[in-house]
>>> print(open('data_35.txt').read())   # compact mmCIF, C-alpha atoms and all ligand atoms
# COMPACT_ATOMS: atom_id res chain seq x y z
CA MET A 1 -29.63 58.64 96.03
CA GLU A 2 -32.01 57.35 93.39
CA THR A 3 -32.30 53.59 93.00
CA LEU A 4 -31.73 52.58 89.41
CA LYS A 5 -33.39 49.78 87.54
CA GLY A 6 -32.25 48.16 84.32
CA THR A 7 -31.01 44.94 82.77
CA ASP A 8 -27.26 45.27 83.37
CA ILE A 9 -26.20 41.83 84.68
CA GLN A 10 -22.54 42.82 85.11
CA LYS A 11 -23.49 45.81 87.23
CA ALA A 12 -25.79 43.68 89.39
CA ALA A 13 -23.03 41.05 89.80
CA ARG A 14 -20.46 43.70 90.75
CA LEU A 15 -22.76 45.24 93.35
CA LEU A 16 -23.44 41.83 94.92
CA LYS A 17 -19.67 41.17 95.08
CA GLU A 18 -19.25 44.51 96.88
CA GLY A 19 -21.76 43.40 99.52
CA ARG A 20 -24.62 45.57 98.22
CA LEU A 21 -28.26 44.55 97.74
CA VAL A 22 -29.89 44.03 94.34
CA GLY A 23 -33.52 43.55 93.32
CA LEU A 24 -33.81 40.12 91.69
CA PRO A 25 -36.61 39.32 89.22
CA THR A 26 -37.94 35.78 89.55
CA GLU A 27 -41.00 34.02 88.19
CA THR A 28 -42.68 34.20 91.64
CA VAL A 29 -42.02 37.67 93.13
CA TYR A 30 -39.00 40.03 93.17
CA GLY A 31 -36.28 39.11 95.65
CA LEU A 32 -33.88 41.27 97.66
CA ALA A 33 -30.58 39.60 96.77
CA ALA A 34 -27.30 39.46 98.68
CA ASN A 35 -24.14 37.33 98.57
CA ALA A 36 -25.16 34.49 100.90
CA LEU A 37 -21.52 33.98 101.97
CA ASP A 38 -21.11 37.64 103.04
CA LYS A 39 -22.51 37.90 106.58
CA GLY A 40 -22.56 41.70 106.51
CA ALA A 41 -24.57 41.74 103.28
CA VAL A 42 -27.01 39.16 104.69
CA LEU A 43 -27.48 41.24 107.85
CA SER A 44 -28.29 44.26 105.71
CA VAL A 45 -31.09 42.27 104.02
CA PHE A 46 -32.68 41.70 107.44
CA ALA A 47 -32.20 45.39 108.28
CA ALA A 48 -33.61 46.69 104.97
CA LYS A 49 -36.75 44.55 105.30
CA LYS A 50 -37.08 45.02 109.08
CA ARG A 51 -37.26 41.23 109.07
CA PRO A 52 -36.95 39.42 112.41
CA SER A 53 -33.74 37.43 112.67
CA PHE A 54 -35.70 34.18 113.31
CA ASP A 55 -37.07 34.19 109.75
CA PRO A 56 -34.54 32.37 107.49
CA LEU A 57 -33.65 33.38 103.92
CA ILE A 58 -33.91 31.19 100.82
CA VAL A 59 -30.65 30.54 98.94
CA HIS A 60 -30.75 30.77 95.14
CA LEU A 61 -28.53 28.70 92.83
CA PRO A 62 -28.16 28.60 89.02
CA ASP A 63 -28.51 24.83 88.57
CA ILE A 64 -28.70 21.46 90.27
CA SER A 65 -24.93 20.85 90.05
CA HIS A 66 -24.42 23.56 92.72
CA VAL A 67 -26.77 22.01 95.29
CA SER A 68 -24.25 19.54 96.76
CA ARG A 69 -21.81 22.38 97.56
CA TYR A 70 -24.20 23.83 100.09
CA ALA A 71 -26.64 21.11 101.16
CA TYR A 72 -27.22 17.36 101.48
CA ALA A 73 -30.03 16.30 99.14
CA ASP A 74 -31.79 12.94 99.59
CA GLU A 75 -33.11 10.88 96.65
CA THR A 76 -36.68 12.22 96.75
CA SER A 77 -35.49 15.83 96.89
CA LEU A 78 -33.12 15.25 93.98
CA ARG A 79 -35.91 13.70 91.97
CA LEU A 80 -38.19 16.67 92.62
CA ILE A 81 -35.41 19.21 92.01
CA ARG A 82 -34.74 17.55 88.64
CA GLY A 83 -38.46 17.46 87.86
CA PHE A 84 -39.40 21.01 88.86
CA SER A 85 -36.30 23.22 88.74
CA PRO A 86 -35.82 25.86 87.54
CA GLY A 87 -39.23 26.64 88.97
CA PRO A 88 -41.35 28.14 91.77
CA VAL A 89 -40.31 25.68 94.46
CA THR A 90 -37.92 25.74 97.44
CA PHE A 91 -36.42 22.62 99.02
CA ILE A 92 -35.55 22.48 102.72
CA LEU A 93 -32.34 20.45 103.02
CA PRO A 94 -29.73 19.80 105.74
CA LYS A 95 -27.13 22.53 105.23
CA LYS A 96 -23.40 22.28 104.79
CA LYS A 97 -21.12 24.55 106.82
CA GLU A 98 -20.44 26.82 103.81
CA ILE A 99 -23.82 28.50 104.39
CA PRO A 100 -23.48 30.98 107.30
CA ASP A 101 -25.87 30.53 110.25
CA VAL A 102 -27.15 34.07 109.80
CA VAL A 103 -28.78 33.00 106.49
CA THR A 104 -30.73 30.14 108.09
CA SER A 105 -31.51 31.86 111.40
CA GLY A 106 -29.36 29.26 113.10
CA LEU A 107 -31.29 26.27 111.71
CA PRO A 108 -29.38 23.17 110.59
CA THR A 109 -31.33 23.27 107.30
CA VAL A 110 -31.31 25.64 104.34
CA GLY A 111 -33.99 26.53 101.78
CA ILE A 112 -32.61 26.04 98.26
CA ARG A 113 -34.25 27.29 95.08
CA ILE A 114 -33.34 27.46 91.39
CA PRO A 115 -35.55 30.28 90.07
CA GLY A 116 -37.14 30.10 86.63
CA HIS A 117 -36.43 33.57 85.29
CA PRO A 118 -33.79 34.11 82.57
CA LEU A 119 -32.32 37.28 84.14
CA ALA A 120 -32.13 35.67 87.59
CA LEU A 121 -30.32 32.65 86.14
CA GLU A 122 -27.92 34.90 84.20
CA LEU A 123 -27.05 36.78 87.38
CA LEU A 124 -26.64 33.57 89.39
CA ARG A 125 -24.24 32.27 86.71
CA ALA A 126 -22.31 35.55 86.67
CA VAL A 127 -21.31 35.31 90.36
CA ASP A 128 -19.29 32.63 92.12
CA PHE A 129 -21.36 32.55 95.30
CA PRO A 130 -24.92 31.52 96.26
CA VAL A 131 -27.46 34.32 96.52
CA ALA A 132 -29.73 34.75 99.55
CA ALA A 133 -32.97 36.51 98.66
CA PRO A 134 -36.25 36.96 100.53
CA SER A 135 -39.10 38.86 98.91
CA ALA A 136 -38.12 42.50 98.28
CA ASN A 137 -40.67 44.22 100.53
CA LEU A 138 -40.89 45.36 104.13
CA PHE A 139 -41.54 42.45 106.47
CA GLY A 140 -45.20 41.54 106.82
CA THR A 141 -46.42 43.47 103.77
CA THR A 142 -47.43 42.45 100.25
CA SER A 143 -44.72 41.02 97.98
CA PRO A 144 -43.47 42.96 94.92
CA GLY A 145 -44.41 41.88 91.39
CA THR A 146 -42.56 44.61 89.47
CA ALA A 147 -39.25 46.51 89.71
CA ASP A 148 -41.17 49.65 90.67
CA HIS A 149 -42.81 47.84 93.60
CA VAL A 150 -39.31 46.98 94.88
CA ILE A 151 -38.22 50.61 94.67
CA SER A 152 -41.39 51.94 96.32
CA SER A 153 -41.09 49.34 99.15
CA LEU A 154 -37.38 49.59 99.90
CA GLY A 155 -36.04 52.80 98.31
CA ASP A 156 -32.33 53.43 98.79
CA ALA A 157 -31.71 50.19 100.70
CA VAL A 158 -31.48 48.46 97.33
CA SER A 159 -28.59 49.60 95.10
CA TYR A 160 -29.99 48.43 91.76
CA VAL A 161 -33.04 46.50 90.56
CA LEU A 162 -32.66 44.08 87.68
CA ASP A 163 -35.84 44.74 85.75
CA GLY A 164 -37.30 41.48 84.46
CA GLY A 165 -40.81 42.81 83.88
CA PRO A 166 -43.92 41.72 85.81
CA CYS A 167 -43.59 38.36 87.61
CA GLU A 168 -45.27 35.48 85.77
CA VAL A 169 -46.53 33.48 88.78
CA GLY A 170 -47.24 36.27 91.29
CA VAL A 171 -47.16 34.28 94.56
CA GLU A 172 -44.03 33.04 96.34
CA SER A 173 -42.45 29.62 95.91
CA THR A 174 -43.94 26.42 97.31
CA ILE A 175 -41.72 25.25 100.18
CA ILE A 176 -41.28 21.52 100.56
CA ARG A 177 -39.31 19.19 102.76
CA CYS A 178 -38.70 15.51 102.11
CA SER A 179 -38.23 13.08 104.94
CA GLU A 180 -37.74 9.37 104.37
CA GLY A 181 -39.53 9.48 101.03
CA ASP A 182 -42.50 11.49 102.33
CA VAL A 183 -43.02 15.04 101.13
CA GLU A 184 -44.28 17.80 103.40
CA VAL A 185 -45.49 21.16 102.12
CA LEU A 186 -44.49 23.96 104.52
CA ARG A 187 -45.86 26.79 102.36
CA LEU A 188 -48.33 26.72 99.50
CA GLY A 189 -47.00 28.59 96.48
CA GLY A 190 -46.28 28.69 92.78
CA LEU A 191 -45.81 24.93 92.29
CA THR A 192 -49.15 23.21 92.82
CA ILE A 193 -49.68 20.29 95.18
CA GLU A 194 -51.43 18.52 92.29
CA ALA A 195 -48.25 18.70 90.15
CA ILE A 196 -46.08 17.30 92.97
CA GLU A 197 -48.52 14.49 93.70
CA GLU A 198 -48.68 13.55 90.04
CA VAL A 199 -44.90 13.10 89.85
CA LEU A 200 -44.71 11.23 93.17
CA ASN A 201 -47.85 9.21 92.53
CA LYS A 202 -48.80 9.72 96.19
CA LYS A 203 -50.25 12.32 98.54
CA VAL A 204 -48.13 15.02 100.16
CA THR A 205 -48.62 16.20 103.75
CA ARG A 206 -49.54 19.83 104.44
CA ILE A 207 -47.99 21.25 107.58
CA LYS A 208 -50.61 23.53 109.11
CA LEU A 209 -49.59 26.94 110.39
CA SER A 210 -49.14 27.06 114.09
CA SER A 211 -47.20 29.43 116.26
CA SER A 212 -45.98 26.50 118.33
CA ARG A 213 -44.45 24.57 115.44
CA PRO A 214 -40.88 25.46 114.66
CA GLU A 215 -40.85 23.71 111.23
CA ALA A 216 -41.77 26.75 109.20
CA PRO A 217 -40.35 29.82 110.90
CA GLY A 218 -41.70 32.98 109.35
CA MET A 219 -45.00 31.32 108.41
CA LEU A 220 -47.03 33.70 110.51
CA HIS A 221 -50.81 33.75 110.72
CA LYS A 222 -50.81 37.44 109.87
CA HIS A 223 -48.71 38.51 106.91
CA TYR A 224 -49.14 40.24 103.54
CA ASN A 225 -50.69 43.30 105.19
CA PRO A 226 -51.74 45.71 102.40
CA GLY A 227 -52.15 48.61 104.83
CA LEU A 228 -55.98 48.46 104.85
CA PRO A 229 -58.44 46.21 106.68
CA VAL A 230 -59.20 43.20 104.46
CA HIS A 231 -62.59 41.49 104.82
CA ILE A 232 -63.38 38.23 103.07
CA VAL A 233 -67.05 38.53 102.15
CA ASP A 234 -69.87 36.81 100.30
CA PHE A 235 -70.70 39.32 97.56
CA ASP A 236 -74.30 38.03 97.48
CA SER A 237 -74.88 39.02 101.12
CA LEU A 238 -72.61 41.91 101.96
CA PRO A 239 -71.91 43.10 105.50
CA GLU A 240 -73.20 46.50 106.65
CA VAL A 241 -70.64 49.30 106.67
CA PRO A 242 -71.11 53.00 107.53
CA ALA A 243 -72.11 54.94 104.37
CA GLU A 244 -69.04 57.17 104.50
CA LYS A 245 -66.62 54.22 104.32
CA ARG A 246 -64.98 53.91 100.92
CA VAL A 247 -64.76 50.31 99.77
CA ALA A 248 -62.25 48.62 97.44
CA VAL A 249 -63.65 45.48 95.81
CA ILE A 250 -61.27 42.70 94.75
CA SER A 251 -63.42 39.89 93.40
CA PHE A 252 -62.36 36.66 91.72
CA ALA A 253 -64.37 37.19 88.50
CA PRO A 254 -65.70 40.63 87.43
CA ARG A 255 -68.85 41.76 89.29
CA GLU A 256 -70.92 44.87 89.97
CA VAL A 257 -71.09 45.82 93.64
CA GLU A 258 -73.47 48.40 95.14
CA GLY A 259 -72.36 50.96 97.74
CA ASN A 260 -69.56 53.46 98.20
CA VAL A 261 -67.19 51.52 95.93
CA VAL A 262 -64.11 53.56 94.91
CA PHE A 263 -62.13 50.64 93.42
CA ASN A 264 -63.36 47.50 91.70
CA GLU A 265 -60.97 44.96 90.21
CA ALA A 266 -61.34 41.27 89.35
CA LEU A 267 -58.37 38.97 89.98
CA SER A 268 -59.26 37.05 86.83
CA LYS A 269 -61.17 38.03 83.72
CA THR A 270 -61.32 34.43 82.55
CA GLY A 271 -62.01 32.62 85.83
CA GLU A 272 -58.53 31.10 86.07
CA VAL A 273 -56.81 30.72 89.43
CA SER A 274 -53.35 31.17 87.86
CA GLU A 275 -54.42 34.61 86.58
CA ALA A 276 -55.72 35.42 90.08
CA ALA A 277 -52.33 34.49 91.58
CA LYS A 278 -50.53 36.73 89.12
CA ASN A 279 -52.75 39.73 89.93
CA LEU A 280 -53.21 39.30 93.68
CA PHE A 281 -50.45 41.44 95.22
CA GLY A 282 -50.75 44.16 92.54
CA ALA A 283 -54.51 44.41 93.16
CA LEU A 284 -53.94 44.76 96.93
CA ARG A 285 -51.43 47.56 96.29
CA ARG A 286 -53.74 49.37 93.85
CA ALA A 287 -56.62 49.06 96.32
CA LYS A 288 -54.47 50.72 98.98
CA ASP A 289 -53.51 53.52 96.55
CA SER A 290 -57.17 54.12 95.60
CA GLY A 291 -57.90 55.94 98.85
CA ALA A 292 -60.32 53.25 100.06
CA ASP A 293 -60.87 52.66 103.78
CA LEU A 294 -61.26 48.90 103.53
CA ILE A 295 -61.08 45.98 101.13
CA TRP A 296 -63.82 43.47 100.36
CA THR A 297 -62.55 40.32 98.73
CA GLU A 298 -63.60 36.67 98.37
CA TRP A 299 -62.14 33.17 98.30
CA VAL A 300 -61.10 31.84 94.92
CA PRO A 301 -61.60 28.17 93.90
CA ASP A 302 -59.41 26.10 96.25
CA GLU A 303 -57.48 24.18 93.62
CA GLY A 304 -54.10 24.57 91.92
CA LEU A 305 -52.66 28.05 92.45
CA GLY A 306 -56.00 29.03 94.02
CA ARG A 307 -54.85 27.34 97.23
CA ALA A 308 -51.83 29.68 97.43
CA VAL A 309 -54.08 32.69 96.71
CA ASN A 310 -56.50 31.68 99.49
CA ASP A 311 -53.58 31.17 101.87
CA ARG A 312 -52.36 34.74 101.17
CA LEU A 313 -55.91 36.16 101.47
CA LYS A 314 -56.41 34.41 104.79
CA ARG A 315 -53.17 35.83 106.19
CA ALA A 316 -53.87 39.32 104.77
CA SER A 317 -57.39 39.35 106.24
CA THR A 318 -58.44 41.22 109.32
CA GLU A 319 -60.65 38.51 110.88
P1 LIG B 1 -39.55 34.52 101.53
O1 LIG B 1 -39.67 35.61 102.52
O2 LIG B 1 -40.69 34.43 100.58
O3 LIG B 1 -38.24 34.46 100.85
O4 LIG B 1 -39.69 33.12 102.29
C1 LIG B 1 -38.78 32.68 103.21
C2 LIG B 1 -39.50 31.62 104.00
O5 LIG B 1 -38.92 30.35 103.71
C3 LIG B 1 -39.31 31.78 105.48
O6 LIG B 1 -40.25 32.68 106.00
C4 LIG B 1 -39.53 30.38 106.00
O7 LIG B 1 -40.91 30.14 106.23
C5 LIG B 1 -39.06 29.51 104.84
N1 LIG B 1 -37.73 28.93 105.10
C6 LIG B 1 -36.53 29.38 104.67
N2 LIG B 1 -35.53 28.61 105.12
C7 LIG B 1 -36.11 27.65 105.87
C8 LIG B 1 -35.62 26.54 106.63
N3 LIG B 1 -34.32 26.27 106.71
N4 LIG B 1 -36.53 25.76 107.26
C9 LIG B 1 -37.86 26.02 107.18
N5 LIG B 1 -38.38 27.05 106.48
C10 LIG B 1 -37.53 27.85 105.85
MG MG B 2 -41.71 37.38 102.11
>>> encode(input="data_35.txt", output="structure tokens")
Amino acid sequence: METLKGTDIQKAARLLKEGRLVGLPTETVYGLAANALDKGAVLSVFAAKKRPSFDPLIVHLPDISHVSRYAYADETSLRLIRGFSPGPVTFILPKKKEIPDVVTSGLPTVGIRIPGHPLALELLRAVDFPVAAPSANLFGTTSPGTADHVISSLGDAVSYVLDGGPCEVGVESTIIRCSEGDVEVLRLGGLTIEAIEEVLNKKVTRIKLSSSRPEAPGMLHKHYNPGLPVHIVDFDSLPEVPAEKRVAVISFAPREVEGNVVFNEALSKTGEVSEAAKNLFGALRRAKDSGADLIWTEWVPDEGLGRAVNDRLKRASTE
């Protein structure tokens, strides 16, 4: 059966009601959406992605008035939800019993997000249930930035893809948790730390990745695997590689690179980290499709969305 894409909200809503899976365009990356209250549908999300059951799903809502149906939000969370939603940010909140345990991998908390994409919001308003949606790719691989990426990653497992065009932000949502007025960032993403700190007028805490910390399940050291070895290099002093190895270059700004280079793409033409974020996953996919044996890439400036890009590069890298 061929997976269809299009902009038919009613069709997408009907499929979700029937317990099927739908590709959801958001401003960050495409999601694989299911009715969060339908345990069977949620289980089929885990199956389609080959996602381990310990890695909880984010629940999507159309607006702030729905939050209190499913979670308990403290004052700081509410303030940030009002300030930044719809937008590329997920809030970890104590969950209410309406959200099935299968969605949260048994955790007492749930990740809540109001996505900033008009088609996503239309779909969320067209159904009378919350929508669970992780990124629409196989577990551990690069996230999809277009409807076609969803189809090539998941094929028939997804019944329909709402086509909202290429994703504006390109990296996943920032995940934050508020505790007693302090804000912790569990995952760097589309909402910058600088923007959060400006609103709060104080520093946020970054929770470092660690396999022993249960706070951010699913935040694995190795993720975003493009299917090729990824080496983070200094383009001014390149490592030696055997002459027959075909290299894909993904630089921050455009640059000429000597050697057996079969692919050469810059993440940003203008030197902007937001442009790099938007292009990152697409560039990794194109590098894989180029027939290269390995990828050479480099850190981008570690500010704003550049921090999220560097986080993804680090976890995609082979070292
Ligand atoms: P994604 O696959 O991009 O949808 O991201 C889902 C990620 O959100 C998971 O891998 C977790 O790291 C994080 N997450 C979701 N729900 C929770 C939760 N209740 N507590 C902590 N982290 C969560
Ligand atoms: Mg993901």
>>> residues_near_ligand(input="data_35.txt", ligand="ligand LIG 1 (chain B)", cutoff="9 Å", atoms="all atoms listed in the file", output="mmCIF file with C-alpha atoms, in the frame of the given file")
data_model
loop_
_atom_site.group_PDB
_atom_site.id
_atom_site.type_symbol
_atom_site.label_atom_id
_atom_site.label_comp_id
_atom_site.auth_asym_id
_atom_site.auth_seq_id
_atom_site.Cartn_x
_atom_site.Cartn_y
_atom_site.Cartn_z
ATOM 1 C CA VAL A 29 -42.020 37.670 93.130
ATOM 2 C CA GLY A 31 -36.280 39.110 95.650
ATOM 3 C CA LEU A 32 -33.880 41.270 97.660
ATOM 4 C CA ARG A 51 -37.260 41.230 109.070
ATOM 5 C CA PHE A 54 -35.700 34.180 113.310
ATOM 6 C CA ASP A 55 -37.070 34.190 109.750
ATOM 7 C CA PRO A 56 -34.540 32.370 107.490
ATOM 8 C CA LEU A 57 -33.650 33.380 103.920
ATOM 9 C CA ILE A 58 -33.910 31.190 100.820
ATOM 10 C CA VAL A 59 -30.650 30.540 98.940
ATOM 11 C CA THR A 90 -37.920 25.740 97.440
ATOM 12 C CA PHE A 91 -36.420 22.620 99.020
ATOM 13 C CA ILE A 92 -35.550 22.480 102.720
ATOM 14 C CA LEU A 93 -32.340 20.450 103.020
ATOM 15 C CA PRO A 94 -29.730 19.800 105.740
ATOM 16 C CA LYS A 95 -27.130 22.530 105.230
ATOM 17 C CA VAL A 103 -28.780 33.000 106.490
ATOM 18 C CA THR A 104 -30.730 30.140 108.090
ATOM 19 C CA SER A 105 -31.510 31.860 111.400
ATOM 20 C CA GLY A 106 -29.360 29.260 113.100
ATOM 21 C CA LEU A 107 -31.290 26.270 111.710
ATOM 22 C CA PRO A 108 -29.380 23.170 110.590
ATOM 23 C CA THR A 109 -31.330 23.270 107.300
ATOM 24 C CA VAL A 110 -31.310 25.640 104.340
ATOM 25 C CA GLY A 111 -33.990 26.530 101.780
ATOM 26 C CA ILE A 112 -32.610 26.040 98.260
ATOM 27 C CA ALA A 132 -29.730 34.750 99.550
ATOM 28 C CA ALA A 133 -32.970 36.510 98.660
ATOM 29 C CA PRO A 134 -36.250 36.960 100.530
ATOM 30 C CA SER A 135 -39.100 38.860 98.910
ATOM 31 C CA ALA A 136 -38.120 42.500 98.280
ATOM 32 C CA ASN A 137 -40.670 44.220 100.530
ATOM 33 C CA PHE A 139 -41.540 42.450 106.470
ATOM 34 C CA SER A 143 -44.720 41.020 97.980
ATOM 35 C CA VAL A 171 -47.160 34.280 94.560
ATOM 36 C CA GLU A 172 -44.030 33.040 96.340
ATOM 37 C CA SER A 173 -42.450 29.620 95.910
ATOM 38 C CA ILE A 175 -41.720 25.250 100.180
ATOM 39 C CA ILE A 176 -41.280 21.520 100.560
ATOM 40 C CA ARG A 177 -39.310 19.190 102.760
ATOM 41 C CA LEU A 186 -44.490 23.960 104.520
ATOM 42 C CA ARG A 187 -45.860 26.790 102.360
ATOM 43 C CA PRO A 214 -40.880 25.460 114.660
ATOM 44 C CA GLU A 215 -40.850 23.710 111.230
ATOM 45 C CA ALA A 216 -41.770 26.750 109.200
ATOM 46 C CA PRO A 217 -40.350 29.820 110.900
ATOM 47 C CA GLY A 218 -41.700 32.980 109.350
ATOM 48 C CA MET A 219 -45.000 31.320 108.410
ATOM 49 C CA LEU A 220 -47.030 33.700 110.510
#
>>> residues_around(input="data_35.txt", residues="stretch 188-203 of chain A", least_positions_apart="6", cutoff="8 Å", atoms="all atoms listed in the file", output="ChimeraX atom specification")
/A:28,80,87-89,169-175,304-305,307-308,311
>>> atom_distance(input="data_35.txt", atom1="atom CA of A:Ser290", atom2="atom CA of A:Ala266")
14.9 Å
>>> residues_near_point(input="data_35.txt", point="(-29.3, 14.4, 101.5)", cutoff="10 Å", atoms="all atoms listed in the file", output="PDB file with C-alpha atoms, keeping the file's coordinate frame")
ATOM      1  CA  SER A  68     -24.250  19.540  96.760  1.00  0.00           C
ATOM      2  CA  ALA A  71     -26.640  21.110 101.160  1.00  0.00           C
ATOM      3  CA  TYR A  72     -27.220  17.360 101.480  1.00  0.00           C
ATOM      4  CA  ALA A  73     -30.030  16.300  99.140  1.00  0.00           C
ATOM      5  CA  ASP A  74     -31.790  12.940  99.590  1.00  0.00           C
ATOM      6  CA  GLU A  75     -33.110  10.880  96.650  1.00  0.00           C
ATOM      7  CA  THR A  76     -36.680  12.220  96.750  1.00  0.00           C
ATOM      8  CA  SER A  77     -35.490  15.830  96.890  1.00  0.00           C
ATOM      9  CA  LEU A  78     -33.120  15.250  93.980  1.00  0.00           C
ATOM     10  CA  LEU A  93     -32.340  20.450 103.020  1.00  0.00           C
ATOM     11  CA  PRO A  94     -29.730  19.800 105.740  1.00  0.00           C
ATOM     12  CA  LYS A  95     -27.130  22.530 105.230  1.00  0.00           C
ATOM     13  CA  CYS A 178     -38.700  15.510 102.110  1.00  0.00           C
ATOM     14  CA  SER A 179     -38.230  13.080 104.940  1.00  0.00           C
TER      15      SER A 179
END
>>> residues_around(input="data_35.txt", residues="stretch 122-128 of chain A", least_positions_apart="4", cutoff="12 Å", atoms="all atoms listed in the file", output="VMD selection string")
chain A and resid 7 to 18 22 to 26 33 to 37 59 to 63 65 to 66 69 113 to 118 132 to 133 161 to 164
>>> atom_distance(input="data_35.txt", atom1="atom CA of A:Tyr224", atom2="atom CA of A:Ala248")
16.7 Å
>>> atom_distance(input="data_35.txt", atom1="atom CA of A:Val150", atom2="atom CA of A:Val247")
26.1 Å
>>> closest_residue(input="data_35.txt", among="A:Leu4, A:Leu154, A:Leu238, A:Ile295", to="A:Lys50", atoms="all atoms listed in the file")
A:Leu154
>>> closest_residue(input="data_35.txt", among="A:Pro239, A:Pro254, A:Pro229, A:Gly271", to="A:Leu284", atoms="all atoms listed in the file")
A:Pro229
>>> residues_near_point(input="data_35.txt", point="(-52.1, 35.7, 96.6)", cutoff="7 Å", atoms="only C-alpha atoms", output="MDAnalysis selection string")
chainID A and resid 171 277 280:281 308:310 312:313
>>> write_last_selection(input="data_35.txt", atoms="C-alpha atoms", output="PDB file, in the frame of the given file")
ATOM      1  CA  VAL A 171     -47.160  34.280  94.560  1.00  0.00           C
ATOM      2  CA  ALA A 277     -52.330  34.490  91.580  1.00  0.00           C
ATOM      3  CA  LEU A 280     -53.210  39.300  93.680  1.00  0.00           C
ATOM      4  CA  PHE A 281     -50.450  41.440  95.220  1.00  0.00           C
ATOM      5  CA  ALA A 308     -51.830  29.680  97.430  1.00  0.00           C
ATOM      6  CA  VAL A 309     -54.080  32.690  96.710  1.00  0.00           C
ATOM      7  CA  ASN A 310     -56.500  31.680  99.490  1.00  0.00           C
ATOM      8  CA  ARG A 312     -52.360  34.740 101.170  1.00  0.00           C
ATOM      9  CA  LEU A 313     -55.910  36.160 101.470  1.00  0.00           C
TER      10      LEU A 313
END
>>> residues_around(input="data_35.txt", residues="A:Gly145", least_positions_apart="3", cutoff="7 Å", atoms="all atoms listed in the file", output="ChimeraX atom specification")
/A:29-30,149,166-167,170,282
>>> closest_residue(input="data_35.txt", among="A:Ile99, A:Leu138, A:Ala48, A:Leu21", to="ligand MG 2 (chain B)", atoms="all atoms listed in the file")
A:Leu138
>>> closest_residue(input="data_35.txt", among="A:Ala287, A:Val262, A:Val67, A:Ala157", to="A:Glu244", atoms="all atoms listed in the file")
A:Val262
>>> closest_residue(input="data_35.txt", among="A:Thr142, A:Ser85, A:Ser237, A:Ser251", to="ligand MG 2 (chain B)", atoms="all atoms listed in the file")
A:Thr142
>>> residues_around(input="data_35.txt", residues="stretch 256-259 of chain A", least_positions_apart="5", cutoff="9 Å", atoms="all atoms listed in the file", output="list of chain:residue names")
A:Phe235, A:Ala243, A:Arg246, A:Val247, A:Val249, A:Asn264
>>> closest_residue(input="data_35.txt", among="A:Pro86, A:Gly140, A:Pro52, A:Gly6", to="ligand MG 2 (chain B)", atoms="only C-alpha atoms and all ligand atoms")
A:Gly140
